[in-house]
Each structure stands twice: as C-alpha cells, then as structure tokens.
>>> print(open('run_20.cif').read())   # mmCIF, C-alpha atoms
data_model
#
loop_
_atom_site.label_atom_id
_atom_site.label_comp_id
_atom_site.auth_asym_id
_atom_site.auth_seq_id
_atom_site.Cartn_x
_atom_site.Cartn_y
_atom_site.Cartn_z
CA MET A 221 -11.25 19.98 25.82
CA GLN A 222 -13.45 18.38 28.48
CA SER A 223 -16.94 17.23 27.47
CA GLU A 224 -18.43 19.69 29.98
CA ASP A 225 -16.56 22.56 28.23
CA LEU A 226 -17.74 21.30 24.86
CA ILE A 227 -21.34 21.39 26.12
CA HIS A 228 -20.83 24.98 27.21
CA CYS A 229 -19.42 25.90 23.76
CA LEU A 230 -22.28 24.18 21.95
CA ALA A 231 -24.88 25.91 24.12
CA ASP A 232 -23.15 29.27 23.54
CA ASN A 233 -23.33 28.77 19.78
CA LEU A 234 -26.92 27.54 19.77
CA ARG A 235 -29.21 28.90 17.07
CA PRO A 236 -32.91 28.14 16.68
CA VAL A 237 -33.76 25.41 14.17
CA ARG A 238 -37.01 24.34 12.58
CA PRO A 239 -37.76 20.73 13.56
CA ALA A 240 -37.75 18.30 10.65
CA ARG A 241 -41.14 17.32 9.24
CA PRO A 242 -42.37 13.85 10.24
CA PRO A 243 -41.59 11.30 7.48
CA GLY A 244 -45.22 11.05 6.34
CA ALA A 245 -45.58 14.82 5.95
CA ALA A 246 -42.17 15.15 4.26
CA ALA A 247 -42.99 12.33 1.83
CA ALA A 248 -46.40 13.90 1.06
CA LEU A 249 -44.75 17.27 0.38
CA TRP A 250 -42.11 15.75 -1.88
CA LEU A 251 -44.60 13.55 -3.75
CA GLY A 252 -46.91 16.52 -4.25
CA LEU A 253 -44.04 18.43 -5.80
CA ALA A 254 -42.93 15.48 -7.95
CA ILE A 255 -46.45 14.85 -9.22
CA ALA A 256 -46.87 18.57 -10.01
CA VAL A 257 -43.67 18.38 -12.10
CA ILE A 258 -44.99 15.30 -13.94
CA ILE A 259 -48.35 17.00 -14.58
CA GLY A 260 -46.43 20.00 -15.94
CA ALA A 261 -44.46 17.71 -18.27
CA VAL A 262 -47.68 16.00 -19.43
CA LEU A 263 -49.33 19.38 -20.10
CA PHE A 264 -46.28 20.53 -22.03
CA LEU A 265 -45.65 17.37 -24.06
CA GLY A 266 -49.16 15.88 -24.17
CA LEU A 267 -50.46 12.45 -23.22
CA ARG A 268 -49.51 9.60 -25.52
CA ARG A 269 -52.32 8.82 -27.94
CA ASP A 270 -52.73 5.12 -27.19
CA LEU A 271 -52.69 5.47 -23.39
CA ALA A 272 -56.45 5.00 -22.84
CA GLU A 273 -56.48 1.95 -25.10
CA ARG A 274 -53.47 0.40 -23.34
CA LEU A 275 -54.94 1.05 -19.90
CA VAL A 276 -58.27 -0.53 -20.87
CA SER A 277 -56.50 -3.56 -22.29
CA GLY A 278 -54.80 -3.96 -18.91
CA PHE A 279 -51.35 -3.96 -20.46
CA GLU A 280 -50.04 -0.74 -18.94
CA ALA A 281 -51.94 -0.38 -15.66
CA PRO A 282 -49.94 -2.83 -13.45
CA GLN A 283 -46.69 -1.26 -14.61
CA LEU A 284 -47.90 2.26 -13.78
CA VAL A 285 -49.28 1.20 -10.39
CA THR A 286 -46.08 -0.61 -9.35
CA ALA A 287 -43.90 2.32 -10.54
CA LEU A 288 -46.02 4.71 -8.47
CA ALA A 289 -45.89 2.38 -5.45
CA THR A 290 -42.09 2.15 -5.77
CA GLY A 291 -41.81 5.95 -5.86
CA VAL A 292 -44.13 6.49 -2.89
CA LEU A 293 -42.65 3.75 -0.69
CA ALA A 294 -39.03 4.67 -1.50
CA ALA A 295 -39.73 8.31 -0.57
CA PHE A 296 -41.36 7.33 2.73
CA ALA A 297 -38.50 4.94 3.53
CA ALA A 298 -35.89 7.63 2.72
CA PHE A 299 -37.48 10.09 5.16
CA GLN A 300 -37.71 7.39 7.85
CA LEU A 301 -34.04 6.45 7.44
CA ALA A 302 -32.98 10.09 7.62
CA LEU A 303 -33.90 10.04 11.33
CA PRO A 304 -31.53 8.39 13.81
CA ASP A 305 -34.08 6.50 15.90
CA ARG A 306 -35.68 4.53 13.06
CA SER A 307 -34.90 0.95 12.10
CA ARG A 308 -32.64 0.41 9.10
CA LEU A 309 -35.15 -2.20 7.95
CA TRP A 310 -37.14 0.69 6.49
CA ALA A 311 -34.72 0.49 3.57
CA LEU A 312 -36.49 -2.72 2.49
CA LEU A 313 -39.93 -1.09 2.27
CA PRO A 314 -39.91 -0.34 -1.49
CA LEU A 315 -38.38 -3.72 -2.38
CA PRO A 316 -41.67 -5.64 -3.01
CA ALA A 317 -43.04 -2.82 -5.19
CA ALA A 318 -39.76 -2.53 -7.11
CA LEU A 319 -39.69 -6.29 -7.69
CA GLY A 320 -43.35 -6.16 -8.76
CA TRP A 321 -42.49 -3.35 -11.17
CA LEU A 322 -39.66 -5.41 -12.69
CA ALA A 323 -41.97 -8.44 -12.85
CA THR A 324 -44.69 -6.52 -14.76
CA MET A 325 -42.10 -5.35 -17.28
CA GLY A 326 -40.69 -8.89 -17.56
CA TRP A 327 -44.21 -10.29 -18.01
CA GLY A 328 -44.77 -7.75 -20.82
CA CYS A 329 -41.63 -9.03 -22.56
CA LEU A 330 -42.93 -12.59 -22.33
CA GLN A 331 -46.33 -11.59 -23.74
CA ASP A 332 -44.62 -9.77 -26.62
CA PHE A 333 -42.50 -12.82 -27.34
CA VAL A 334 -45.55 -15.10 -27.46
CA LYS A 335 -47.45 -12.61 -29.65
CA ILE A 336 -44.73 -11.43 -32.02
CA GLY A 337 -41.99 -14.04 -31.76
CA PRO A 338 -38.21 -13.42 -31.72
CA GLU A 339 -38.66 -9.96 -33.23
CA ALA A 340 -39.95 -8.85 -29.85
CA LEU A 341 -36.42 -9.28 -28.55
CA HIS A 342 -34.96 -6.69 -30.90
CA ILE A 343 -33.21 -4.01 -28.86
CA GLY A 344 -33.09 -0.47 -30.17
CA VAL A 345 -31.79 2.77 -28.70
CA SER A 346 -34.21 5.13 -26.98
CA LEU A 347 -32.22 8.12 -25.82
CA PRO A 348 -35.35 10.26 -25.24
CA CYS A 349 -36.44 7.80 -22.51
CA PHE A 350 -33.02 7.91 -20.92
CA SER A 351 -32.72 11.70 -21.02
CA PHE A 352 -36.32 12.24 -19.80
CA ILE A 353 -35.84 10.07 -16.70
CA LEU A 354 -32.42 11.59 -15.96
CA GLY A 355 -33.63 15.11 -16.75
CA LEU A 356 -36.54 14.89 -14.31
CA GLY A 357 -35.14 12.30 -11.91
CA LEU A 358 -31.92 14.11 -10.97
CA PRO A 359 -33.50 17.49 -10.09
CA LEU A 360 -36.23 15.70 -8.12
CA THR A 361 -33.49 13.76 -6.32
CA MET A 362 -31.84 17.06 -5.37
CA VAL A 363 -35.12 18.25 -3.82
CA MET A 364 -35.39 14.98 -1.91
CA LEU A 365 -31.80 15.33 -0.63
CA ARG A 366 -32.51 18.84 0.55
CA LEU A 367 -35.64 17.71 2.42
CA SER A 368 -33.87 14.71 4.00
CA ARG A 369 -30.59 16.51 4.75
CA HIS A 370 -30.73 15.55 8.46
CA GLY A 371 -29.84 12.04 7.32
CA ALA A 372 -26.36 13.33 6.42
CA TRP A 373 -25.24 12.39 9.94
CA PHE A 374 -26.81 8.93 10.07
CA SER A 375 -27.40 6.92 6.87
CA PRO A 376 -26.56 9.28 3.99
CA GLY A 377 -25.88 6.57 1.40
CA PRO A 378 -29.14 4.60 1.81
CA VAL A 379 -31.20 7.80 2.19
CA ALA A 380 -29.75 9.23 -1.03
CA ALA A 381 -30.14 5.95 -2.94
CA LEU A 382 -33.79 5.63 -1.88
CA GLY A 383 -34.36 9.26 -2.81
CA GLY A 384 -32.89 8.60 -6.27
CA LEU A 385 -34.99 5.45 -6.70
CA SER A 386 -38.15 7.33 -5.73
CA ALA A 387 -37.42 10.24 -8.08
CA ALA A 388 -36.53 7.92 -10.97
CA ALA A 389 -39.65 5.78 -10.44
CA ILE A 390 -41.90 8.85 -10.53
CA ALA A 391 -40.07 10.17 -13.62
CA SER A 392 -40.47 6.76 -15.29
CA LEU A 393 -44.19 6.85 -14.48
CA GLY A 394 -44.39 10.30 -16.10
CA LEU A 395 -42.54 9.04 -19.16
CA SER A 396 -45.00 6.13 -19.52
CA LEU A 397 -47.82 8.69 -19.72
CA ILE A 398 -46.08 10.68 -22.45
CA HIS A 399 -43.79 8.52 -24.52
CA HIS A 400 -44.80 5.66 -26.75
CA LEU A 401 -42.65 2.52 -26.57
CA ASP A 402 -44.29 -0.56 -28.03
CA ALA A 403 -41.79 -3.27 -27.17
CA ALA A 404 -41.86 -4.28 -23.51
CA LEU A 405 -38.20 -5.26 -23.72
CA MET A 406 -37.32 -1.70 -24.74
CA VAL A 407 -39.33 -0.40 -21.77
CA LEU A 408 -37.57 -2.83 -19.44
CA ILE A 409 -34.11 -1.94 -20.68
CA TRP A 410 -34.40 1.83 -21.08
CA HIS A 411 -36.60 2.56 -18.09
CA GLY A 412 -34.69 0.06 -15.96
CA LEU A 413 -31.29 1.40 -17.03
CA SER A 414 -32.33 5.01 -16.44
CA VAL A 415 -33.69 4.21 -12.96
CA LEU A 416 -30.47 2.37 -12.11
CA VAL A 417 -28.32 5.27 -13.31
CA VAL A 418 -30.28 7.87 -11.30
CA THR A 419 -30.18 5.66 -8.17
CA ALA A 420 -26.44 5.03 -8.56
CA ILE A 421 -25.65 8.73 -9.07
CA ALA A 422 -27.76 9.60 -6.02
CA ALA A 423 -26.02 6.95 -3.88
CA LYS A 424 -22.57 8.13 -4.98
CA LEU A 425 -22.99 11.91 -4.86
CA GLY A 426 -26.02 12.27 -2.59
CA PRO A 427 -24.15 12.16 0.75
CA ARG A 428 -21.95 15.10 -0.35
CA VAL A 429 -24.99 17.07 -1.49
CA MET A 430 -26.67 16.44 1.87
CA ARG A 431 -23.59 17.60 3.77
CA LEU A 432 -23.46 20.74 1.61
CA ALA A 433 -27.16 21.39 2.26
CA ARG A 434 -26.48 21.04 6.01
CA SER A 435 -23.40 23.28 5.99
CA GLY A 436 -25.39 26.06 4.33
CA GLU A 437 -27.64 26.36 7.39
CA MET B 285 -42.26 -2.35 10.25
CA PRO B 286 -40.80 -1.26 13.58
CA SER B 287 -40.69 2.44 14.26
CA THR B 288 -37.72 2.29 16.60
CA CYS B 289 -34.78 -0.05 16.76
CA LEU B 290 -33.73 0.21 20.38
CA PRO B 291 -35.21 -1.75 23.26
CA THR B 292 -34.11 0.82 25.80
CA THR B 293 -35.19 -0.73 29.09
CA ASN B 294 -33.36 -4.00 28.52
CA MET B 295 -30.31 -2.25 27.23
CA LEU B 296 -30.14 0.21 30.09
CA SER B 297 -30.57 -2.46 32.73
CA GLY B 298 -27.81 -4.42 31.01
CA LEU B 299 -25.58 -1.38 30.95
CA MET B 300 -26.18 -0.57 34.57
CA GLY B 301 -25.66 -4.17 35.62
CA LYS B 302 -28.22 -3.90 38.42
CA PRO B 303 -31.20 -6.26 38.04
CA GLY B 304 -33.34 -4.30 40.50
CA LEU B 305 -32.82 -1.05 38.67
CA ALA B 306 -34.68 -2.13 35.53
CA ALA B 307 -37.88 -2.60 37.51
CA ALA B 308 -37.51 0.82 39.08
CA LEU B 309 -36.86 2.51 35.73
CA PRO B 310 -40.21 2.99 33.91
CA ASP B 311 -41.83 5.73 36.06
CA ASP B 312 -38.58 7.54 36.56
CA ARG B 313 -37.77 7.21 32.86
CA ASP B 314 -41.09 8.58 31.71
CA ALA B 315 -40.77 11.69 33.86
CA ARG B 316 -37.17 12.23 32.84
CA ASP B 317 -37.88 11.52 29.20
CA LEU B 318 -40.67 14.08 29.19
CA ARG B 319 -38.39 16.63 30.81
CA TRP B 320 -35.62 15.97 28.26
CA SER B 321 -38.15 16.13 25.45
CA ARG B 322 -39.36 19.54 26.66
CA LEU B 323 -35.79 20.79 27.10
CA MET B 324 -34.92 19.70 23.55
CA ALA B 325 -38.01 21.40 22.14
CA ALA B 326 -36.91 24.59 23.94
CA ALA B 327 -33.38 24.13 22.59
CA GLN B 328 -34.74 23.82 19.05
CA ALA B 329 -36.40 27.18 19.63
CA GLY B 330 -33.03 28.64 20.65
CA ASP B 331 -33.11 28.41 24.48
CA ARG B 332 -29.41 28.09 25.41
CA ARG B 333 -30.01 27.46 29.10
CA ALA B 334 -32.40 24.58 28.36
CA TYR B 335 -29.90 23.14 25.89
CA GLU B 336 -26.99 23.25 28.33
CA ASP B 337 -29.14 21.71 31.09
CA LEU B 338 -30.26 18.96 28.74
CA LEU B 339 -26.76 18.04 27.56
CA ARG B 340 -25.38 18.07 31.11
CA GLU B 341 -28.20 15.83 32.32
CA CYS B 342 -27.68 13.45 29.39
CA LEU B 343 -23.89 13.29 29.79
CA PRO B 344 -23.82 10.43 32.37
CA LEU B 345 -26.03 8.31 30.10
CA LEU B 346 -23.82 9.02 27.08
CA ARG B 347 -20.73 8.07 29.10
CA GLN B 348 -22.41 4.89 30.32
CA ILE B 349 -23.21 3.76 26.78
CA CYS B 350 -19.83 4.70 25.33
CA ARG B 351 -17.91 3.06 28.18
CA ALA B 352 -19.94 -0.10 27.78
CA ARG B 353 -19.00 -0.21 24.09
CA LEU B 354 -15.41 1.06 24.25
CA ARG B 355 -13.12 -0.22 26.97
CA ASP B 356 -10.54 2.53 26.56
CA ALA B 357 -11.61 5.53 28.67
CA THR B 358 -10.08 8.15 26.35
CA GLU B 359 -11.68 6.62 23.31
CA ALA B 360 -15.02 6.42 25.11
CA GLU B 361 -14.77 10.12 25.98
CA ASP B 362 -13.97 10.90 22.32
CA ALA B 363 -17.11 8.99 21.35
CA VAL B 364 -19.10 11.01 23.90
CA GLN B 365 -17.83 14.23 22.30
CA ASP B 366 -18.60 12.94 18.80
CA THR B 367 -22.11 12.22 20.07
CA LEU B 368 -22.49 15.72 21.51
CA LEU B 369 -21.41 17.24 18.19
CA THR B 370 -23.85 15.03 16.28
CA ILE B 371 -26.69 15.91 18.66
CA HIS B 372 -25.89 19.57 18.04
CA ARG B 373 -25.76 19.26 14.24
CA ALA B 374 -28.79 16.99 13.99
CA ARG B 375 -30.95 18.62 16.68
CA ALA B 376 -33.59 19.52 14.08
CA SER B 377 -34.17 15.79 13.46
CA TYR B 378 -35.75 15.31 16.90
CA ASP B 379 -39.55 15.17 16.82
CA ALA B 380 -40.86 16.48 20.17
CA SER B 381 -43.98 14.30 19.92
CA ARG B 382 -41.81 11.18 20.26
CA PRO B 383 -39.75 9.90 23.21
CA PHE B 384 -36.37 11.60 23.50
CA ARG B 385 -34.30 8.75 24.84
CA PRO B 386 -34.46 6.37 21.82
CA TRP B 387 -33.30 9.29 19.64
CA LEU B 388 -30.42 10.04 22.00
CA ILE B 389 -29.37 6.43 22.45
CA ALA B 390 -29.49 5.71 18.70
CA ILE B 391 -27.09 8.60 18.03
CA THR B 392 -24.76 7.54 20.86
CA GLU B 393 -24.70 3.91 19.70
CA ARG B 394 -23.86 4.98 16.17
CA ARG B 395 -21.00 7.24 17.20
CA ALA B 396 -19.60 4.55 19.52
CA LEU B 397 -19.82 2.07 16.66
CA ASP B 398 -17.98 4.53 14.40
CA ARG B 399 -15.18 4.65 16.99
CA ILE B 400 -15.02 0.84 17.13
CA ARG B 401 -14.76 0.71 13.34
CA ALA B 402 -12.05 3.41 13.33
CA ARG B 403 -10.13 1.44 15.95
CA GLY B 404 -10.43 -1.66 13.75
CA ARG B 405 -9.03 0.25 10.79
CA ARG B 406 -6.19 1.63 12.91
CA SER B 407 -5.24 -1.79 14.22
CA GLY B 408 -5.31 -3.08 10.62
CA ARG B 409 -2.80 -0.41 9.66
CA GLU B 410 -0.64 -1.24 12.66
CA ALA B 411 -0.61 -4.91 11.63
CA ALA B 412 0.40 -3.87 8.13
CA LEU B 413 3.29 -1.87 9.56
CA ASP B 414 4.42 -4.85 11.64
CA LEU B 415 4.48 -6.97 8.50
CA ALA B 416 6.39 -4.25 6.70
CA ALA B 417 9.05 -4.41 9.43
CA GLU B 418 9.80 -8.00 8.41
CA LEU B 419 10.58 -7.01 4.84
CA PRO B 420 14.20 -6.45 3.79
CA ALA B 421 15.49 -3.03 4.85
CA PRO B 422 15.25 -0.35 2.16
CA GLU B 423 19.02 0.02 2.29
CA ALA B 424 19.26 -3.47 0.82
CA SER B 425 18.41 -2.03 -2.54
CA ALA B 426 19.78 1.27 -3.76
CA ASP B 427 16.82 1.72 -6.10
CA ALA B 428 14.34 1.11 -3.30
CA ALA B 429 16.15 3.58 -1.06
CA LEU B 430 16.17 6.18 -3.80
CA GLY B 431 12.45 5.63 -4.44
CA ALA B 432 11.66 5.93 -0.73
CA ASN B 433 13.65 9.15 -0.48
CA ARG B 434 11.83 10.62 -3.45
CA ALA B 435 8.45 9.64 -2.03
CA ALA B 436 9.35 11.20 1.32
CA ALA B 437 10.47 14.39 -0.41
CA ARG B 438 7.21 14.56 -2.41
CA LEU B 439 5.23 14.07 0.78
CA ARG B 440 7.19 16.80 2.57
CA ASP B 441 6.66 19.19 -0.36
CA ALA B 442 2.95 18.38 -0.53
CA MET B 443 2.60 18.96 3.21
CA GLN B 444 4.38 22.32 2.94
CA GLU B 445 1.81 23.40 0.36
CA LEU B 446 -1.14 22.65 2.68
CA PRO B 447 -2.89 25.60 4.34
CA GLU B 448 -1.56 26.29 7.84
CA SER B 449 -4.66 24.96 9.65
CA GLN B 450 -4.66 21.69 7.69
CA ARG B 451 -0.92 21.16 8.24
CA THR B 452 -1.32 21.77 11.96
CA ALA B 453 -4.32 19.45 12.30
CA LEU B 454 -2.63 16.68 10.30
CA GLY B 455 0.60 16.97 12.26
CA LEU B 456 -1.12 16.80 15.64
CA THR B 457 -3.62 14.02 14.92
CA LYS B 458 -1.71 11.79 12.50
CA LEU B 459 2.01 12.40 13.10
CA GLN B 460 2.02 13.11 16.83
CA ASP B 461 -1.01 10.78 17.29
CA LEU B 462 -2.72 13.09 19.78
CA THR B 463 -6.39 12.64 20.71
CA LEU B 464 -8.87 15.17 19.35
CA GLN B 465 -9.07 16.93 22.72
CA GLU B 466 -5.29 17.16 22.99
CA ALA B 467 -4.99 18.43 19.42
CA SER B 468 -7.74 20.95 20.11
CA ALA B 469 -6.10 22.16 23.32
CA ARG B 470 -2.68 22.37 21.66
CA SER B 471 -3.84 24.23 18.53
CA GLY B 472 -6.72 26.30 19.89
CA MET B 473 -8.94 24.92 17.12
CA SER B 474 -12.32 23.36 17.94
CA ILE B 475 -12.66 19.58 17.73
CA GLY B 476 -14.99 19.96 14.75
CA ALA B 477 -12.45 22.20 12.98
CA ILE B 478 -9.65 19.70 13.71
CA LYS B 479 -11.68 16.90 12.18
CA VAL B 480 -12.57 18.87 9.07
CA ALA B 481 -9.02 20.19 8.57
CA THR B 482 -7.50 16.70 8.99
CA HIS B 483 -9.97 15.18 6.56
CA ARG B 484 -9.29 17.90 3.98
CA ALA B 485 -5.53 17.57 4.43
CA VAL B 486 -5.66 13.82 3.81
CA GLN B 487 -7.87 14.32 0.75
CA THR B 488 -5.53 16.97 -0.65
CA LEU B 489 -2.43 14.84 -0.08
CA ARG B 490 -4.10 11.82 -1.64
CA ARG B 491 -5.07 13.87 -4.68
CA ARG B 492 -1.60 15.37 -5.07
CA LEU B 493 0.36 12.16 -4.51
CA THR B 494 -1.82 9.65 -6.35
CA GLY B 495 -3.92 11.80 -8.61
CA LYS B 496 -7.01 9.99 -7.25
CA GLU B 497 -9.99 11.47 -5.42
#
>>> encode(input="run_20.cif", output="structure tokens")
Amino acid sequence: MQSEDLIHCLADNLRPVRPARPPGAAAALWLGLAIAVIIGAVLFLGLRRDLAERLVSGFEAPQLVTALATGVLAAFAAFQLALPDRSRLWALLPLPAALGWLATMGWGCLQDFVKIGPEALHIGVSLPCFSFILGLGLPLTMVMLRLSRHGAWFSPGPVAALGGLSAAAIASLGLSLIHHLDAALMVLIWHGLSVLVVTAIAAKLGPRVMRLARSGE
Amino acid sequence: MPSTCLPTTNMLSGLMGKPGLAAALPDDRDARDLRWSRLMAAAQAGDRRAYEDLLRECLPLLRQICRARLRDATEAEDAVQDTLLTIHRARASYDASRPFRPWLIAITERRALDRIRARGRRSGREAALDLAAELPAPEASADAALGANRAAARLRDAMQELPESQRTALGLTKLQDLTLQEASARSGMSIGAIKVATHRAVQTLRRRLTGKE
C-alpha cells in the first residue's frame, strides 16, 4: 500500500475525538479524585488519635509534605510524558521530592535509634499498611492509566511507573493520617515496600492496560 | 524544565541541507504551522477533508525526516507509514493551543528510531545465524538431527493451530520476509492488522513452544 493510499484510508475511517486535557488540568483532575478517595477513607476509618500531637512536634509533617509533593509531581510528570512533544526529562521531576521523602523517613529512624537505642531497629510485620497502600494505590493507578492512555504510543512504561508512584505516594499519605506506626523503621520499610510494589506493578502491567484503554475507543 | 525537546529550525535546516533555507523558514513556518494546527483541530472534530489535506501536506516533511534517519528507501517509507498510523491513533494527544510541528516531528523521530532499533535487532539475528552456520552440521549427530526434526514438527503443528489471519501474516512477514506494504497488498489485510496478527502469532507460538509469556 502506498502512503498516499494509507492517508486516504485513515481519512475515510476518521472519527471525532476529544482532545486530551493539558497535563496541568489532567493532574488536577486526578489529584482531586485521589484526595477525595483519601478523605473518604479518613471519614470511614477515622483520623489516628496522636496525629495532632505528632504534627505539632514536627515529627510527621515533613514526611507528609514530601509524600504529597511526590504524588503531585509524579502525576504532573506522567501527564507530560504521555504527550509526544514533551522532553523525557520530565520523568526526573518527582525525584527530589521522592528522595526528600526517603530522607525524612531515614531521619526518623536515626532519631528513634538515638532516643530508644537498638530496640528501634526491631522489624515487625504490618500487613494492614501493605494492603491499604496496595488497595488504594492500584485502583488509583488504573484511573491514572485511563487518563494518560495517549501515552500508550510514546512512553508507556515511564508514564505507568510515574502513575503508580503518584498513586502509591498519595495512598501512603492517606495511611499516615489513619494508621498508627510508632517506629520510623517500620514506616520506612512497609510504606517504602508498598510504594515500590505498586510502582513495579504499574510499570510492568500499565502499558498493556493503556493499550486496552485505547483499543476500547 | 523544557516543554519541548525538539529544536525544529536547526533540525530542519540540517535536514534540508540548504543554509539559506533556514533563514527563510520562520515566517513561512508560522503560517504553515498555524494552518496545520487548524486542520488538526478540525480533524479532531471529525472533518475528513481537513484530515486528508493535513496528512498529504505533512507527507513530504515526514519523508524528509525518515529518509534522513534511514538510508534504505523502503524502510524509510515503512517508518513514514508507522508515523501516519501513530498520528491517527494518537490524534487526541495534540493540543491545538500549541505549535503543531514539534508534535509531528517528535512522533516521526520516534517511529524512525523504532525502525532503526528493529533493524539493529534483525542484523543481530542475522549475525547469530552466520555463527550458527559455522557449527557442525546437525547430521553430524543423530541425536541432534532427531531433536531438530522434532522441534520443526512441533513448530509446524503449532503454526497449523494458529488462526488463519495470524498464520498468513506470520508467513508473509517472517517466512517470506515481505515488507508490511507487500504483505498488506498480498493478503488484503491492513498494515495495522498485519502488525497485530504477526505479533499475536509470535506470542502464541512462544507460549506454546516454551511455555513462557
């Protein structure tokens, strides 16, 4: 088939489409939805009792702020990368916030160690943390993949991974408002592990989900 | 953070190879870019005439980029057609408030790059076959010959079990080594359908013969 004939075929089969939202608007829509889900979870499960005290003491606030920043910046970067004419350097946008988030959790571990001693390094199992972040993070990732489905033709892997990171960071933020975990090391391990798992699942399966979302149109 | 990744004026002047042309480009480009942007917005709304006009007007630019990246004319034309299909599938991703040309060129560059990568993979396989030719002939070992015969029989059986469209697409593109256009013309299937059917056939064979996804 000649390219000129292909053009004729494509034009013959043309159907109207709704232009994709600009990345800022798409990110705002997705974040609004994600925050509504977190508020719903907080209303259903209740705020943790010691939250006000921990925020005032300055222990929790940097961790919450960096988690939120990671979620917001990763979402914005994912919607940028889903468009063909944007630089791939957008993928690095959430990196400083994510590193800051890790650093605040690491700093908490160090403070615990100084305060409590070696007992602060005791590692327990916190399946509720894991299942909460996966339970909220994966459905939110699906919504993100649906909204950024145009990226299926350009950078599906990075778009899906950033979407997963954003969803998991927001879910982790929600968990910090609800669930009580005293030891910073436990927070680092269980929140960190859950975020990694959601991001890895999104990177692995996300491109297929995006292609399916596109083929349904 | 940059919002676009493509310095179009420099690249186009490089592609065209005419130093004087770059200076003459900006005014002409702005007018043409606006026209293409308007045509694409109309195409997004379903205007077939605008869409066909747009793609025909863009075709020389697509060919220029693909030929600059891929020396082989047939391969360059395949990349042009890949680009046209991607433009069609991803047309909703164009934002009419932004310049059209960076969007178009980014897609074309990516599809040309995909072709270069595919060529690299193909040449890797060809090298592997050349090396294989230096190995002792299968007849040298009765066991090896028997194993090869069994593998060939399994492959034949697995191919027979493929749906007709997948078997046809696989045969034309992988066994007869035809280009996508030739395979499309020979089978009556669209290029997109050929690609999908070939991909599915390979996946199915891989699953059946190795048990892996």
>>> residues_near_point(input="run_20.cif", point="(-8.5, 13.7, 10.4)", cutoff="12 Å", atoms="only C-alpha atoms", output="VMD selection string")
chain B and resid 402 449 to 459 461 to 464 467 475 to 488
>>> write_last_selection(input="run_20.cif", atoms="C-alpha atoms", output="PDB file, keeping the file's coordinate frame")
ATOM      1  CA  ALA B 402     -12.050   3.410  13.330  1.00  0.00           C
ATOM      2  CA  SER B 449      -4.660  24.960   9.650  1.00  0.00           C
ATOM      3  CA  GLN B 450      -4.660  21.690   7.690  1.00  0.00           C
ATOM      4  CA  ARG B 451      -0.920  21.160   8.240  1.00  0.00           C
ATOM      5  CA  THR B 452      -1.320  21.770  11.960  1.00  0.00           C
ATOM      6  CA  ALA B 453      -4.320  19.450  12.300  1.00  0.00           C
ATOM      7  CA  LEU B 454      -2.630  16.680  10.300  1.00  0.00           C
ATOM      8  CA  GLY B 455       0.600  16.970  12.260  1.00  0.00           C
ATOM      9  CA  LEU B 456      -1.120  16.800  15.640  1.00  0.00           C
ATOM     10  CA  THR B 457      -3.620  14.020  14.920  1.00  0.00           C
ATOM     11  CA  LYS B 458      -1.710  11.790  12.500  1.00  0.00           C
ATOM     12  CA  LEU B 459       2.010  12.400  13.100  1.00  0.00           C
ATOM     13  CA  ASP B 461      -1.010  10.780  17.290  1.00  0.00           C
ATOM     14  CA  LEU B 462      -2.720  13.090  19.780  1.00  0.00           C
ATOM     15  CA  THR B 463      -6.390  12.640  20.710  1.00  0.00           C
ATOM     16  CA  LEU B 464      -8.870  15.170  19.350  1.00  0.00           C
ATOM     17  CA  ALA B 467      -4.990  18.430  19.420  1.00  0.00           C
ATOM     18  CA  ILE B 475     -12.660  19.580  17.730  1.00  0.00           C
ATOM     19  CA  GLY B 476     -14.990  19.960  14.750  1.00  0.00           C
ATOM     20  CA  ALA B 477     -12.450  22.200  12.980  1.00  0.00           C
ATOM     21  CA  ILE B 478      -9.650  19.700  13.710  1.00  0.00           C
ATOM     22  CA  LYS B 479     -11.680  16.900  12.180  1.00  0.00           C
ATOM     23  CA  VAL B 480     -12.570  18.870   9.070  1.00  0.00           C
ATOM     24  CA  ALA B 481      -9.020  20.190   8.570  1.00  0.00           C
ATOM     25  CA  THR B 482      -7.500  16.700   8.990  1.00  0.00           C
ATOM     26  CA  HIS B 483      -9.970  15.180   6.560  1.00  0.00           C
ATOM     27  CA  ARG B 484      -9.290  17.900   3.980  1.00  0.00           C
ATOM     28  CA  ALA B 485      -5.530  17.570   4.430  1.00  0.00           C
ATOM     29  CA  VAL B 486      -5.660  13.820   3.810  1.00  0.00           C
ATOM     30  CA  GLN B 487      -7.870  14.320   0.750  1.00  0.00           C
ATOM     31  CA  THR B 488      -5.530  16.970  -0.650  1.00  0.00           C
TER      32      THR B 488
END
>>> residues_near_point(input="run_20.cif", point="(-37.5, -5.0, -30.2)", cutoff="12 Å", atoms="only C-alpha atoms", output="PDB file with C-alpha atoms, in the frame of the given file")
ATOM      1  CA  CYS A 329     -41.630  -9.030 -22.560  1.00  0.00           C
ATOM      2  CA  ASP A 332     -44.620  -9.770 -26.620  1.00  0.00           C
ATOM      3  CA  PHE A 333     -42.500 -12.820 -27.340  1.00  0.00           C
ATOM      4  CA  ILE A 336     -44.730 -11.430 -32.020  1.00  0.00           C
ATOM      5  CA  GLY A 337     -41.990 -14.040 -31.760  1.00  0.00           C
ATOM      6  CA  PRO A 338     -38.210 -13.420 -31.720  1.00  0.00           C
ATOM      7  CA  GLU A 339     -38.660  -9.960 -33.230  1.00  0.00           C
ATOM      8  CA  ALA A 340     -39.950  -8.850 -29.850  1.00  0.00           C
ATOM      9  CA  LEU A 341     -36.420  -9.280 -28.550  1.00  0.00           C
ATOM     10  CA  HIS A 342     -34.960  -6.690 -30.900  1.00  0.00           C
ATOM     11  CA  ILE A 343     -33.210  -4.010 -28.860  1.00  0.00           C
ATOM     12  CA  GLY A 344     -33.090  -0.470 -30.170  1.00  0.00           C
ATOM     13  CA  VAL A 345     -31.790   2.770 -28.700  1.00  0.00           C
ATOM     14  CA  SER A 346     -34.210   5.130 -26.980  1.00  0.00           C
ATOM     15  CA  LEU A 401     -42.650   2.520 -26.570  1.00  0.00           C
ATOM     16  CA  ASP A 402     -44.290  -0.560 -28.030  1.00  0.00           C
ATOM     17  CA  ALA A 403     -41.790  -3.270 -27.170  1.00  0.00           C
ATOM     18  CA  ALA A 404     -41.860  -4.280 -23.510  1.00  0.00           C
ATOM     19  CA  LEU A 405     -38.200  -5.260 -23.720  1.00  0.00           C
ATOM     20  CA  MET A 406     -37.320  -1.700 -24.740  1.00  0.00           C
ATOM     21  CA  VAL A 407     -39.330  -0.400 -21.770  1.00  0.00           C
ATOM     22  CA  LEU A 408     -37.570  -2.830 -19.440  1.00  0.00           C
ATOM     23  CA  ILE A 409     -34.110  -1.940 -20.680  1.00  0.00           C
ATOM     24  CA  TRP A 410     -34.400   1.830 -21.080  1.00  0.00           C
TER      25      TRP A 410
END
>>> atom_distance(input="run_20.cif", atom1="atom CA of Leu293 of chain A", atom2="atom CA of Arg366 of chain A")
18.2 Å
>>> residues_around(input="run_20.cif", residues="Gly291 of chain A", least_positions_apart="3", cutoff="7 Å", atoms="only C-alpha atoms", output="ChimeraX atom specification")
/A:287-288,294-295,385-387,389-390
>>> resolve_selection(input="run_20.cif", expression="the PyMOL selection byres ((chain A and resi 260-270) around 7)", output="list of chain:residue names")
A:Ala256, A:Val257, A:Ile258, A:Ile259, A:Leu271, A:Ala272, A:Glu273, A:Arg274, A:Leu397, A:Ile398, A:His399, A:His400
